[in-house]
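Student: File final.txt follows (compact mmCIF, C-alpha atoms):
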# COMPACT_ATOMS: atom_id res chain seq x y z
CA MET A 1 -225.57 -116.59 -161.14
CA MET A 2 -222.19 -116.12 -159.50
CA ARG A 3 -220.71 -114.84 -162.76
CA TYR A 4 -223.57 -112.42 -163.25
CA TYR A 5 -222.98 -111.11 -159.74
CA LEU A 6 -219.27 -110.70 -160.39
CA ARG A 7 -219.98 -108.89 -163.64
CA CYS A 8 -222.19 -106.38 -161.78
CA VAL A 9 -219.46 -105.71 -159.23
CA LEU A 10 -216.85 -105.26 -161.96
CA ALA A 11 -219.21 -102.92 -163.83
CA VAL A 12 -219.52 -100.64 -160.78
CA LEU A 13 -215.75 -100.78 -160.28
CA GLY A 14 -215.15 -100.01 -163.98
CA LYS A 15 -217.55 -97.07 -163.86
CA ASP A 16 -215.72 -95.61 -160.86
CA ILE A 17 -212.31 -96.08 -162.47
CA THR A 18 -213.51 -94.42 -165.68
CA CYS A 19 -214.96 -91.46 -163.73
CA GLU A 20 -211.75 -91.18 -161.73
CA LEU A 21 -209.57 -91.20 -164.86
CA ARG A 22 -211.71 -88.52 -166.50
CA ALA A 23 -212.12 -86.12 -163.58
CA ARG A 24 -209.44 -87.17 -161.00
CA HIS A 25 -211.36 -85.82 -158.03
CA ALA A 26 -210.25 -88.35 -155.44
CA LEU A 27 -206.80 -89.71 -156.21
CA GLY A 28 -204.95 -86.42 -156.68
CA ALA A 29 -206.22 -84.96 -153.41
CA ILE A 30 -205.53 -88.10 -151.35
CA LEU A 31 -202.04 -88.54 -152.81
CA LEU A 32 -201.12 -84.93 -152.12
CA PHE A 33 -202.52 -85.20 -148.60
CA ALA A 34 -200.52 -88.38 -147.94
CA VAL A 35 -197.29 -87.00 -149.38
CA THR A 36 -197.65 -83.71 -147.51
CA SER A 37 -198.27 -85.39 -144.18
CA THR A 38 -195.40 -87.84 -144.77
CA ILE A 39 -193.07 -84.93 -145.41
CA ALA A 40 -194.39 -83.07 -142.37
CA VAL A 41 -193.86 -86.14 -140.16
CA SER A 42 -190.35 -86.91 -141.41
CA PHE A 43 -189.38 -83.24 -141.32
CA THR A 44 -190.09 -83.07 -137.60
CA LEU A 45 -189.55 -86.66 -136.42
CA SER A 46 -186.98 -88.25 -138.74
CA GLY A 47 -184.80 -89.29 -135.81
CA TRP A 48 -187.51 -91.66 -134.57
CA GLY A 49 -187.61 -93.74 -137.77
CA SER A 50 -185.31 -96.41 -136.37
CA LYS A 51 -187.70 -97.18 -133.51
CA SER A 52 -190.11 -99.65 -135.13
CA GLU A 53 -193.12 -99.01 -132.84
CA VAL A 54 -193.01 -95.25 -133.40
CA ALA A 55 -192.42 -95.56 -137.15
CA SER A 56 -195.29 -98.01 -137.66
CA ALA A 57 -197.69 -95.85 -135.62
CA LEU A 58 -196.77 -92.76 -137.65
CA LEU A 59 -197.06 -94.65 -140.95
CA TRP A 60 -200.56 -95.91 -140.16
CA ILE A 61 -201.72 -92.54 -138.87
CA VAL A 62 -200.66 -91.00 -142.19
CA LEU A 63 -202.45 -93.77 -144.13
CA TYR A 64 -205.54 -93.60 -141.92
CA PHE A 65 -206.03 -89.87 -142.29
CA SER A 66 -205.34 -90.01 -146.03
CA ALA A 67 -208.11 -92.59 -146.26
CA MET A 68 -210.37 -90.37 -144.15
CA SER A 69 -209.72 -87.41 -146.43
CA GLY A 70 -210.67 -89.24 -149.62
CA LEU A 71 -212.87 -92.29 -149.12
CA GLY A 72 -215.73 -90.31 -147.61
CA ARG A 73 -216.42 -88.83 -151.02
CA SER A 74 -217.28 -92.07 -152.77
CA PHE A 75 -221.01 -91.99 -152.07
CA VAL A 76 -221.39 -88.25 -151.47
CA HIS A 77 -220.24 -87.74 -155.03
CA GLU A 78 -223.05 -89.94 -156.37
CA GLU A 79 -225.61 -87.92 -154.41
CA GLU A 80 -224.20 -84.59 -155.56
CA MET A 81 -224.01 -85.54 -159.24
CA ARG A 82 -227.55 -87.00 -158.93
CA THR A 83 -226.33 -90.35 -160.24
CA ALA A 84 -227.31 -92.27 -157.10
CA ALA A 85 -230.86 -92.89 -158.31
CA LEU A 86 -229.61 -94.22 -161.64
CA LEU A 87 -227.21 -96.56 -159.88
CA LYS A 88 -230.06 -97.77 -157.64
CA PHE A 89 -232.12 -98.66 -160.72
CA SER A 90 -229.25 -100.29 -162.59
CA THR A 91 -227.97 -102.87 -160.14
CA ARG A 92 -228.49 -104.55 -156.80
CA PRO A 93 -227.27 -102.92 -153.57
CA ASN A 94 -224.62 -105.49 -152.74
CA SER A 95 -222.85 -105.13 -156.08
CA VAL A 96 -222.67 -101.38 -155.42
CA TYR A 97 -221.11 -102.05 -152.01
CA LEU A 98 -218.58 -104.54 -153.34
CA GLY A 99 -217.73 -102.38 -156.36
CA LYS A 100 -217.14 -99.31 -154.20
CA LEU A 101 -215.13 -101.42 -151.74
CA ALA A 102 -212.88 -102.65 -154.56
CA PHE A 103 -212.45 -99.11 -155.87
CA ASN A 104 -211.60 -97.72 -152.43
CA TRP A 105 -209.08 -100.51 -151.88
CA MET A 106 -207.42 -99.71 -155.22
CA LEU A 107 -207.31 -96.05 -154.24
CA LEU A 108 -205.59 -96.89 -150.95
CA LEU A 109 -203.13 -99.21 -152.74
CA CYS A 110 -202.20 -96.36 -155.09
CA VAL A 111 -201.62 -94.14 -152.06
CA GLN A 112 -199.45 -96.82 -150.44
CA ILE A 113 -197.34 -97.38 -153.57
CA VAL A 114 -196.29 -93.73 -153.42
CA THR A 115 -196.33 -93.05 -149.68
CA VAL A 116 -194.75 -96.12 -148.14
CA PRO A 117 -191.41 -96.04 -150.05
CA LEU A 118 -191.26 -92.29 -149.48
CA PHE A 119 -191.95 -92.79 -145.77
CA VAL A 120 -189.33 -95.55 -145.43
CA MET A 121 -186.69 -93.47 -147.20
CA LEU A 122 -187.37 -90.13 -145.52
CA MET A 123 -187.73 -91.58 -142.03
CA GLY A 124 -184.78 -93.93 -142.44
CA CYS A 125 -186.80 -96.95 -141.30
CA ARG A 126 -185.33 -100.43 -141.16
CA VAL A 127 -187.69 -103.14 -142.37
CA ASP A 128 -186.37 -106.59 -141.46
CA HIS A 129 -189.29 -108.76 -142.60
CA TRP A 130 -190.48 -107.41 -145.96
CA GLY A 131 -192.96 -110.24 -146.57
CA ALA A 132 -194.94 -109.58 -143.40
CA PHE A 133 -194.64 -105.82 -143.94
CA ILE A 134 -196.19 -105.94 -147.42
CA ALA A 135 -198.83 -108.47 -146.37
CA LEU A 136 -199.87 -106.15 -143.52
CA LEU A 137 -200.11 -103.17 -145.85
CA LEU A 138 -202.34 -105.16 -148.24
CA VAL A 139 -204.62 -106.69 -145.59
CA GLY A 140 -204.67 -103.53 -143.47
CA SER A 141 -205.76 -101.29 -146.32
CA PHE A 142 -208.40 -103.85 -147.30
CA ALA A 143 -209.83 -103.87 -143.77
CA LEU A 144 -209.67 -100.06 -143.70
CA SER A 145 -211.66 -99.76 -146.90
CA ALA A 146 -214.20 -102.42 -145.80
CA GLY A 147 -215.19 -100.32 -142.76
CA ALA A 148 -214.81 -96.93 -144.42
CA THR A 149 -216.99 -97.84 -147.42
CA MET A 150 -219.88 -98.64 -145.08
CA ALA A 151 -219.37 -95.40 -143.12
CA ALA A 152 -219.20 -93.40 -146.36
CA ALA A 153 -222.55 -94.83 -147.49
CA MET A 154 -224.14 -93.80 -144.18
CA VAL A 155 -222.68 -90.31 -144.25
CA ALA A 156 -223.88 -89.66 -147.82
CA ARG A 157 -227.43 -89.32 -146.46
CA ALA A 158 -226.50 -86.98 -143.59
CA SER A 159 -226.54 -83.21 -143.67
CA VAL A 160 -223.01 -82.54 -142.36
CA LYS A 161 -220.71 -84.91 -144.18
CA GLY A 162 -217.00 -84.17 -143.86
CA ALA A 163 -216.56 -84.16 -140.09
CA LEU A 164 -219.14 -86.88 -139.50
CA PHE A 165 -217.31 -89.37 -141.73
CA ALA A 166 -214.21 -89.32 -139.54
CA VAL A 167 -216.36 -89.44 -136.39
CA ILE A 168 -218.34 -92.53 -137.33
CA SER A 169 -215.45 -94.33 -139.04
CA PHE A 170 -213.07 -94.12 -136.12
CA PRO A 171 -214.91 -96.48 -133.74
CA LEU A 172 -215.44 -98.98 -136.55
CA LEU A 173 -211.76 -98.86 -137.53
CA VAL A 174 -210.08 -98.89 -134.10
CA PRO A 175 -209.37 -102.65 -134.27
CA VAL A 176 -207.79 -102.21 -137.72
CA LEU A 177 -205.56 -99.36 -136.60
CA ALA A 178 -204.49 -101.12 -133.41
CA SER A 179 -203.55 -104.43 -134.96
CA ALA A 180 -202.05 -102.92 -138.13
CA ILE A 181 -199.78 -100.70 -136.03
CA HIS A 182 -198.88 -103.59 -133.72
CA GLY A 183 -198.15 -105.95 -136.62
CA THR A 184 -196.20 -103.45 -138.70
CA GLY A 185 -194.03 -102.73 -135.69
CA LEU A 186 -193.29 -106.46 -135.37
CA ALA A 187 -192.58 -106.80 -139.10
CA MET A 188 -190.15 -103.87 -139.05
CA SER A 189 -188.20 -105.43 -136.22
CA GLY A 190 -188.01 -108.79 -138.01
CA HIS A 191 -190.93 -110.84 -136.63
CA SER A 192 -193.59 -112.61 -138.66
CA ALA A 193 -196.72 -110.78 -137.33
CA ALA A 194 -198.91 -113.73 -138.40
CA SER A 195 -201.46 -113.20 -135.62
CA ASP A 196 -202.12 -109.60 -136.67
CA ILE A 197 -202.50 -110.56 -140.33
CA ARG A 198 -204.99 -113.23 -139.24
CA LEU A 199 -206.88 -110.76 -137.07
CA LEU A 200 -207.17 -108.23 -139.92
CA THR A 201 -208.44 -110.98 -142.22
CA TYR A 202 -211.09 -112.05 -139.70
CA TYR A 203 -212.10 -108.44 -139.18
CA SER A 204 -212.52 -107.87 -142.92
CA GLY A 205 -214.59 -111.05 -143.19
CA THR A 206 -216.84 -110.00 -140.30
CA VAL A 207 -217.39 -106.47 -141.56
CA ILE A 208 -218.05 -107.53 -145.16
CA THR A 209 -220.52 -110.24 -144.09
CA ALA A 210 -222.41 -107.81 -141.85
CA SER A 211 -222.30 -105.10 -144.54
CA LEU A 212 -223.73 -107.40 -147.21
CA MET A 213 -226.70 -107.95 -144.90
CA LEU A 214 -227.09 -104.29 -143.91
CA PHE A 215 -226.15 -102.33 -147.00
CA LYS A 216 -229.56 -102.50 -148.67
CA PHE A 217 -231.13 -100.69 -145.71
CA ILE A 218 -228.73 -97.78 -146.11
CA TRP A 219 -228.72 -97.65 -149.89
CA GLU A 220 -232.40 -98.00 -150.76
CA ASP A 221 -235.02 -95.42 -149.87
CA MET B 1 -248.35 -97.75 -128.30
CA GLY B 2 -249.86 -94.31 -127.85
CA ARG B 3 -253.11 -93.59 -129.62
CA LEU B 4 -255.68 -90.80 -129.74
CA ASP B 5 -258.94 -91.39 -127.87
CA THR B 6 -262.29 -89.84 -128.83
CA ASN B 7 -261.48 -86.53 -127.12
CA ASN B 8 -258.26 -86.22 -129.17
CA ARG B 9 -256.11 -86.92 -126.10
CA ILE B 10 -253.17 -89.27 -126.21
CA SER B 11 -253.37 -92.33 -123.95
CA THR B 12 -250.46 -94.68 -123.19
CA GLY B 13 -249.88 -97.57 -120.82
CA PRO B 14 -248.48 -96.99 -117.27
CA SER B 15 -244.68 -96.86 -116.86
CA ILE B 16 -244.26 -99.13 -113.83
CA PRO B 17 -246.71 -99.61 -110.90
CA VAL B 18 -246.44 -97.09 -108.07
CA PRO B 19 -245.52 -99.69 -105.38
CA LEU B 20 -242.54 -100.68 -107.52
CA GLN B 21 -241.45 -97.03 -107.72
CA TRP B 22 -241.47 -96.72 -103.89
CA GLY B 23 -239.91 -100.18 -103.66
CA LEU B 24 -236.94 -99.05 -105.75
CA GLY B 25 -236.37 -96.12 -103.41
CA ALA B 26 -236.36 -98.42 -100.38
CA TRP B 27 -234.19 -101.03 -102.10
CA MET B 28 -231.51 -98.55 -103.25
CA SER B 29 -231.48 -96.88 -99.80
CA ALA B 30 -230.88 -100.30 -98.26
CA VAL B 31 -228.06 -101.01 -100.74
CA ILE B 32 -226.36 -97.68 -99.98
CA ALA B 33 -226.71 -98.24 -96.22
CA ALA B 34 -225.34 -101.79 -96.56
CA ALA B 35 -222.43 -100.61 -98.70
CA PHE B 36 -221.26 -98.32 -95.90
CA LEU B 37 -222.40 -100.15 -92.73
CA TYR B 38 -222.58 -103.90 -93.46
CA VAL B 39 -219.69 -104.46 -95.87
CA PRO B 40 -216.26 -104.60 -94.17
CA PRO B 41 -213.30 -102.63 -95.59
CA ALA B 42 -211.73 -104.73 -98.35
CA ALA B 43 -208.31 -106.06 -97.46
CA GLY B 44 -205.73 -106.04 -100.24
CA PHE B 45 -206.64 -102.62 -101.65
CA ALA B 46 -204.54 -99.47 -101.26
CA VAL B 47 -207.28 -97.73 -99.26
CA PRO B 48 -209.61 -100.49 -97.92
CA ASP B 49 -212.53 -98.14 -97.22
CA ALA B 50 -212.46 -96.65 -100.71
CA ALA B 51 -213.14 -100.08 -102.23
CA ARG B 52 -216.83 -99.66 -101.38
CA ILE B 53 -217.24 -97.68 -104.62
CA VAL B 54 -216.84 -100.99 -106.48
CA ILE B 55 -220.36 -101.91 -105.33
CA PHE B 56 -221.76 -99.13 -107.53
CA HIS B 57 -219.10 -99.18 -110.23
CA VAL B 58 -219.45 -102.79 -111.40
CA PRO B 59 -223.29 -102.84 -111.73
CA CYS B 60 -223.19 -99.56 -113.72
CA ALA B 61 -220.73 -101.10 -116.17
CA MET B 62 -222.78 -104.29 -116.51
CA ILE B 63 -226.09 -102.44 -116.96
CA SER B 64 -224.55 -100.24 -119.65
CA VAL B 65 -223.49 -103.31 -121.66
CA LEU B 66 -226.99 -104.77 -121.19
CA ALA B 67 -228.57 -101.50 -122.38
CA TYR B 68 -226.40 -101.52 -125.52
CA LEU B 69 -227.45 -105.11 -126.25
CA VAL B 70 -231.13 -104.15 -125.83
CA SER B 71 -230.50 -101.23 -128.18
CA THR B 72 -229.07 -103.56 -130.84
CA VAL B 73 -231.97 -106.03 -130.43
CA TYR B 74 -234.45 -103.21 -131.10
CA ALA B 75 -232.34 -102.06 -134.08
CA ILE B 76 -232.64 -105.57 -135.56
CA ALA B 77 -236.37 -105.54 -134.76
CA TYR B 78 -236.73 -102.23 -136.59
CA LEU B 79 -235.02 -103.50 -139.74
CA LYS B 80 -237.21 -106.62 -139.63
CA ASN B 81 -240.65 -105.03 -139.17
CA GLY B 82 -240.16 -101.31 -139.75
CA THR B 83 -242.22 -100.00 -136.80
CA ILE B 84 -240.92 -96.58 -135.79
CA ALA B 85 -241.48 -97.39 -132.08
CA SER B 86 -238.66 -99.98 -132.26
CA ASP B 87 -236.31 -97.31 -133.56
CA ALA B 88 -237.31 -95.01 -130.69
CA LYS B 89 -236.68 -97.81 -128.17
CA SER B 90 -233.29 -98.53 -129.73
CA ALA B 91 -232.25 -94.88 -129.37
CA ILE B 92 -233.62 -94.69 -125.81
CA SER B 93 -231.73 -97.76 -124.66
CA ALA B 94 -228.53 -96.49 -126.26
CA GLY B 95 -228.98 -93.19 -124.43
CA LEU B 96 -229.48 -94.93 -121.08
CA GLY B 97 -226.48 -97.15 -121.81
CA PHE B 98 -224.44 -94.02 -122.44
CA THR B 99 -225.55 -92.56 -119.09
CA PHE B 100 -224.57 -95.73 -117.22
CA THR B 101 -221.27 -95.87 -119.12
CA ALA B 102 -220.53 -92.31 -118.01
CA LEU B 103 -221.36 -93.25 -114.39
CA ALA B 104 -219.14 -96.34 -114.58
CA THR B 105 -216.30 -94.28 -116.07
CA VAL B 106 -216.49 -91.55 -113.45
CA THR B 107 -216.68 -93.98 -110.49
CA GLY B 108 -213.87 -95.99 -112.09
CA MET B 109 -211.68 -92.93 -112.52
CA ILE B 110 -212.19 -91.90 -108.88
CA PHE B 111 -211.21 -95.37 -107.70
CA ALA B 112 -208.31 -95.59 -110.16
CA LYS B 113 -206.90 -92.35 -108.75
CA VAL B 114 -206.99 -93.83 -105.23
CA GLN B 115 -205.91 -97.36 -106.12
CA TRP B 116 -203.43 -97.02 -109.01
CA GLY B 117 -202.39 -93.39 -108.48
CA ALA B 118 -203.69 -91.98 -111.77
CA ALA B 119 -207.22 -91.37 -112.98
CA TRP B 120 -206.45 -92.86 -116.41
CA ASN B 121 -204.05 -95.75 -117.09
CA TRP B 122 -205.07 -97.17 -120.52
CA ASP B 123 -205.99 -100.39 -118.79
CA PRO B 124 -207.82 -102.71 -121.27
CA ARG B 125 -211.23 -102.14 -119.72
CA GLU B 126 -210.68 -98.39 -119.60
CA THR B 127 -209.79 -98.49 -123.29
CA THR B 128 -212.84 -100.59 -124.11
CA ILE B 129 -215.26 -98.35 -122.23
CA LEU B 130 -213.76 -95.23 -123.83
CA ILE B 131 -214.25 -96.71 -127.29
CA LEU B 132 -217.80 -97.74 -126.33
CA MET B 133 -218.49 -94.11 -125.43
CA ILE B 134 -217.06 -92.92 -128.75
CA VAL B 135 -219.15 -95.51 -130.63
CA TYR B 136 -222.39 -94.29 -129.10
CA ALA B 137 -221.44 -90.60 -129.23
CA ALA B 138 -220.92 -91.17 -132.96
CA TYR B 139 -224.29 -92.96 -133.07
CA PHE B 140 -226.04 -89.89 -131.66
CA ALA B 141 -224.10 -87.55 -133.97
CA LEU B 142 -225.24 -89.69 -136.91
CA ARG B 143 -228.86 -89.64 -135.72
CA GLY B 144 -228.74 -85.89 -135.32
CA ALA B 145 -227.35 -85.31 -138.79
CA ILE B 146 -229.81 -87.32 -140.91
CA PRO B 147 -232.97 -85.50 -141.93
CA GLY B 148 -236.05 -87.65 -142.44
CA THR B 149 -237.43 -90.08 -139.88
CA ILE B 150 -237.21 -93.24 -141.95
CA ALA B 151 -233.73 -92.65 -143.37
CA ARG B 152 -232.52 -91.82 -139.86
CA ALA B 153 -234.06 -94.97 -138.40
CA ARG B 154 -232.65 -97.29 -141.07
CA ILE B 155 -229.14 -95.87 -141.17
CA SER B 156 -228.74 -95.60 -137.42
CA ALA B 157 -230.05 -99.16 -136.99
CA ALA B 158 -227.47 -100.38 -139.51
CA TYR B 159 -224.69 -98.50 -137.70
CA ASN B 160 -225.84 -99.86 -134.35
CA ILE B 161 -225.73 -103.48 -135.61
CA LEU B 162 -222.36 -102.99 -137.33
CA ALA B 163 -220.88 -101.54 -134.12
CA CYS B 164 -222.24 -104.52 -132.15
CA VAL B 165 -220.70 -106.98 -134.64
CA ILE B 166 -217.29 -105.33 -134.25
CA MET B 167 -217.59 -105.23 -130.44
CA PRO B 168 -215.86 -108.60 -129.83
CA TYR B 169 -212.71 -107.22 -131.46
CA LEU B 170 -212.79 -104.27 -129.07
CA VAL B 171 -213.67 -106.22 -125.93
CA PHE B 172 -211.71 -109.46 -126.32
CA VAL B 173 -208.95 -108.88 -128.87
CA LEU B 174 -207.54 -105.42 -128.16
CA PRO B 175 -207.15 -105.98 -124.40
CA ARG B 176 -205.02 -109.05 -125.11
CA MET B 177 -202.36 -106.75 -126.54
CA MET B 178 -202.00 -104.77 -123.33
CA GLY B 179 -201.41 -105.69 -119.72
CA GLY B 180 -204.36 -105.48 -117.33
CA LEU B 181 -204.85 -103.87 -113.94
CA HIS B 182 -208.43 -104.90 -113.14
CA PRO B 183 -208.58 -107.61 -110.47
CA ASP B 184 -210.68 -110.77 -110.67
CA ARG B 185 -213.94 -110.78 -108.79
CA ALA B 186 -212.64 -113.63 -106.61
CA SER B 187 -210.54 -111.16 -104.61
CA LEU B 188 -213.66 -109.70 -102.92
CA SER B 189 -215.28 -111.14 -99.78
CA ILE B 190 -218.73 -112.77 -99.65
CA GLU B 191 -220.41 -109.65 -98.18
CA TYR B 192 -219.27 -107.69 -101.21
CA ARG B 193 -220.78 -110.19 -103.58
CA ILE B 194 -224.15 -110.15 -101.78
CA VAL B 195 -224.43 -106.35 -101.70
CA MET B 196 -223.13 -106.04 -105.26
CA GLY B 197 -225.80 -108.51 -106.39
CA ALA B 198 -228.45 -106.41 -104.61
CA ALA B 199 -227.06 -103.25 -106.24
CA MET B 200 -227.18 -105.05 -109.60
CA ILE B 201 -230.90 -105.76 -109.08
CA GLY B 202 -231.49 -102.15 -108.04
CA PHE B 203 -229.72 -100.68 -111.07
CA MET B 204 -231.58 -103.09 -113.37
CA TRP B 205 -234.83 -101.96 -111.80
CA LEU B 206 -233.80 -98.31 -112.30
CA TYR B 207 -232.90 -99.01 -115.92
CA ILE B 208 -236.29 -100.60 -116.62
CA TRP B 209 -238.10 -97.70 -114.97
CA LEU B 210 -236.13 -95.05 -116.88
CA PHE B 211 -236.62 -97.03 -120.08
CA ARG B 212 -240.40 -97.14 -119.55
CA ILE B 213 -240.57 -93.39 -118.83
CA HIS B 214 -238.68 -92.54 -122.02
CA VAL B 215 -240.76 -94.99 -124.05
CA ARG B 216 -243.92 -93.25 -122.82
CA ILE B 217 -242.49 -89.87 -123.82
CA SER B 218 -241.62 -91.19 -127.27
CA GLU B 219 -245.11 -92.70 -127.63
CA TYR B 220 -246.61 -89.28 -126.96
CA GLU B 221 -244.25 -87.75 -129.50
CA ILE B 222 -245.06 -90.33 -132.18
CA ALA B 223 -248.82 -89.99 -131.58
CA TRP B 224 -248.54 -86.21 -131.61
CA ARG B 225 -246.60 -86.18 -134.87
CA ARG B 226 -249.11 -88.56 -136.40
CA ALA B 227 -252.05 -86.45 -135.22
CA ARG B 228 -250.50 -83.31 -136.65
CA ASN B 229 -249.86 -84.87 -140.04
CA VAL B 230 -253.41 -86.19 -140.44
Go ahead and express the file in the form of structure tokens.
Tutor:
Amino acid sequence: MMRYYLRCVLAVLGKDITCELRARHALGAILLFAVTSTIAVSFTLSGWGSKSEVASALLWIVLYFSAMSGLGRSFVHEEEMRTAALLKFSTRPNSVYLGKLAFNWMLLLCVQIVTVPLFVMLMGCRVDHWGAFIALLLVGSFALSAGATMAAAMVARASVKGALFAVISFPLLVPVLASAIHGTGLAMSGHSAASDIRLLTYYSGTVITASLMLFKFIWED
Amino acid sequence: MGRLDTNNRISTGPSIPVPLQWGLGAWMSAVIAAAFLYVPPAAGFAVPDAARIVIFHVPCAMISVLAYLVSTVYAIAYLKNGTIASDAKSAISAGLGFTFTALATVTGMIFAKVQWGAAWNWDPRETTILILMIVYAAYFALRGAIPGTIARARISAAYNILACVIMPYLVFVLPRMMGGLHPDRASLSIEYRIVMGAAMIGFMWLYIWLFRIHVRISEYEIAWRRARNV
């Protein structure tokens, strides 16, 4: 049973990766957005990179808005290409949610692989505790995609999509932003940031549990 | 539940009995009079006389939280049994909660200007209430943007529950990261607590009355829509 479930999730993830590799509608745009805003930030504020609180806030604002620019498309795309109905017939709602969540997380990780080194170099940041820094990036982007996937599914059924996605995601993601910024600041100045990593983990657990109970109401007609 | 009678008119239940409506007027008048005449100026505040606003500020904040909880309970009820009236009640209670939140914010900002010197200080509770307002503003934006009654009801109920699940992180976890300015309730005298309790009852009463009025309006709307479709 568990293996069947996992196979469904991986099938949805595989389908999204295949579509992405063929058409590249999400990754290219998000990456360019992230790189452009990183350059814009460092161009104007490079002197502030040594202050860890400022640098971590700027880093997460860049990551957050890159996520907002791209993740909202994940369900809208299914509706526009008229593949949503087929997906509804093929598998159960929760495997769609988990598959999309995994895909969105991978997308954010790709963005981070390019953006974070660029940001650290251009801003001249000092990172004293690399372990905590990387752990926060991993857990933070996971929590970000857990909330954003749910918001994207809601927005796909609405009439105005682009602006609404940012509007309804923000309140859901405020705890993520606050603790990721706080923890990254600590990690850059050499502290362990364990409490923020724990908080982001709890948050992800809470949101995913609630979403697994609620997703079928959003997804099915 | 509104229904059509034999003459094709819509009939609903009463909102609240008339004596209770007059009673609320008398009760709130008494609370306002007591807030200015019976309660002494609060020692320990920058302007002792200005502290009387607390009597209206705290009940507004508490009623708004209560209204949001009621809204979430009706959202869960909607997802369980699918009656459109539960969705209407959920939206109504969220709207009333938003009104009381706005009242609490405005009274709080007036007092903050007097007490702490600035109308906005990013105190933990100010932050929480601001995010609460954004949550429910987003809720209404979402409701407005979804065509189709059933899709709107299901998706907004899901959003409502998800927001409520995340609420502990906003209310208990975020404030821990910042220093607080709000005092404990223990710093107020016994007269304050009595009148504030009476104000709490009055605002609760007002909330129930407003809720019943809006529910009646929505019952008419639902019955009207049903009558037009048939």
Student: Give me the residues within 8 Å of segment 139-145 of chain B as a list of chain:residue names, counting only C-alpha atoms and dropping any in the same chain fewer than 6 places off.
Tutor: A:Val155, A:Ala158, A:Ser159, A:Val160, A:Leu164, A:Ile168, B:Arg152, B:Ala153, B:Ser156, B:Tyr159, B:Asn160
Student: Here is a test: counting all atoms listed in the file, which residue of A:Ser42, A:Thr149, A:Ser69, A:Ser37 is nearest to Leu101 of chain A?
Tutor: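 Of all the options, A:Thr149 lies closest to Leu101 of chain A.
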Student: Which of these residues is nearest to Gly117 of chain B, using all atoms listed in the file: B:Ala94, B:Val47, B:Ile150, B:Ala85?
Tutor: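 With all atoms listed in the file as the atom set, the closest residue is B:Val47.
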Student: Do me a favour and pick out the residues of chain A within 9 Å of chain B, using all atoms listed in the file, as a PyMOL selection string.
Tutor: chain A and resi 150-151+154-155+157-161+164+167-172+174-175+178-179+182+199+203+206-207+210-211+214-215+217-219+221
Student: Rounded to one decimal place, report the atom CA of Gly99 of chain A-atom CA of Leu173 of chain A distance in Å.
Tutor: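 Between atom CA of Gly99 of chain A and atom CA of Leu173 of chain A the gap is 20.1 Å.
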Student: One decimal, Å: what's the distance from atom CA of Ala143 of chain A over to atom CA of Met123 of chain A, could you say?
Tutor: 25.3 Å
Student: Between atom CA of Gly108 of chain B and atom CA of Gly44 of chain B, what is the distance in Å, rounded to a tenth?
Tutor: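 Between atom CA of Gly108 of chain B and atom CA of Gly44 of chain B the gap is 17.5 Å.
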Student: Since the input is missing atoms for segment 155-165 of chain B, could you rebuild it with N, CA and C atoms and give the result as a PDB file, in the frame of the given file?
Tutor:
ATOM      1  N   ILE B 155    -230.600 -95.986-141.172  1.00  0.00           N
ATOM      2  CA  ILE B 155    -229.140 -95.870-141.170  1.00  0.00           C
ATOM      3  C   ILE B 155    -228.591 -96.037-139.763  1.00  0.00           C
ATOM      4  N   SER B 156    -229.283 -95.452-138.772  1.00  0.00           N
ATOM      5  CA  SER B 156    -228.740 -95.600-137.420  1.00  0.00           C
ATOM      6  C   SER B 156    -228.882 -97.038-136.919  1.00  0.00           C
ATOM      7  N   ALA B 157    -229.941 -97.742-137.366  1.00  0.00           N
ATOM      8  CA  ALA B 157    -230.050 -99.160-136.990  1.00  0.00           C
ATOM      9  C   ALA B 157    -228.902 -99.952-137.595  1.00  0.00           C
ATOM     10  N   ALA B 158    -228.576 -99.665-138.856  1.00  0.00           N
ATOM     11  CA  ALA B 158    -227.470-100.380-139.510  1.00  0.00           C
ATOM     12  C   ALA B 158    -226.149-100.099-138.786  1.00  0.00           C
ATOM     13  N   TYR B 159    -225.938 -98.840-138.408  1.00  0.00           N
ATOM     14  CA  TYR B 159    -224.690 -98.500-137.700  1.00  0.00           C
ATOM     15  C   TYR B 159    -224.626 -99.202-136.343  1.00  0.00           C
ATOM     16  N   ASN B 160    -225.759 -99.217-135.657  1.00  0.00           N
ATOM     17  CA  ASN B 160    -225.840 -99.860-134.350  1.00  0.00           C
ATOM     18  C   ASN B 160    -225.455-101.348-134.450  1.00  0.00           C
ATOM     19  N   ILE B 161    -226.010-102.045-135.455  1.00  0.00           N
ATOM     20  CA  ILE B 161    -225.730-103.480-135.610  1.00  0.00           C
ATOM     21  C   ILE B 161    -224.267-103.688-135.989  1.00  0.00           C
ATOM     22  N   LEU B 162    -223.764-102.842-136.897  1.00  0.00           N
ATOM     23  CA  LEU B 162    -222.360-102.990-137.330  1.00  0.00           C
ATOM     24  C   LEU B 162    -221.419-102.789-136.138  1.00  0.00           C
ATOM     25  N   ALA B 163    -221.718-101.784-135.299  1.00  0.00           N
ATOM     26  CA  ALA B 163    -220.880-101.540-134.120  1.00  0.00           C
ATOM     27  C   ALA B 163    -220.922-102.747-133.183  1.00  0.00           C
ATOM     28  N   CYS B 164    -222.113-103.368-133.049  1.00  0.00           N
ATOM     29  CA  CYS B 164    -222.240-104.520-132.150  1.00  0.00           C
ATOM     30  C   CYS B 164    -221.452-105.716-132.692  1.00  0.00           C
ATOM     31  N   VAL B 165    -221.428-105.865-134.031  1.00  0.00           N
ATOM     32  CA  VAL B 165    -220.700-106.980-134.640  1.00  0.00           C
ATOM     33  C   VAL B 165    -219.193-106.825-134.412  1.00  0.00           C
TER      34      VAL B 165
END
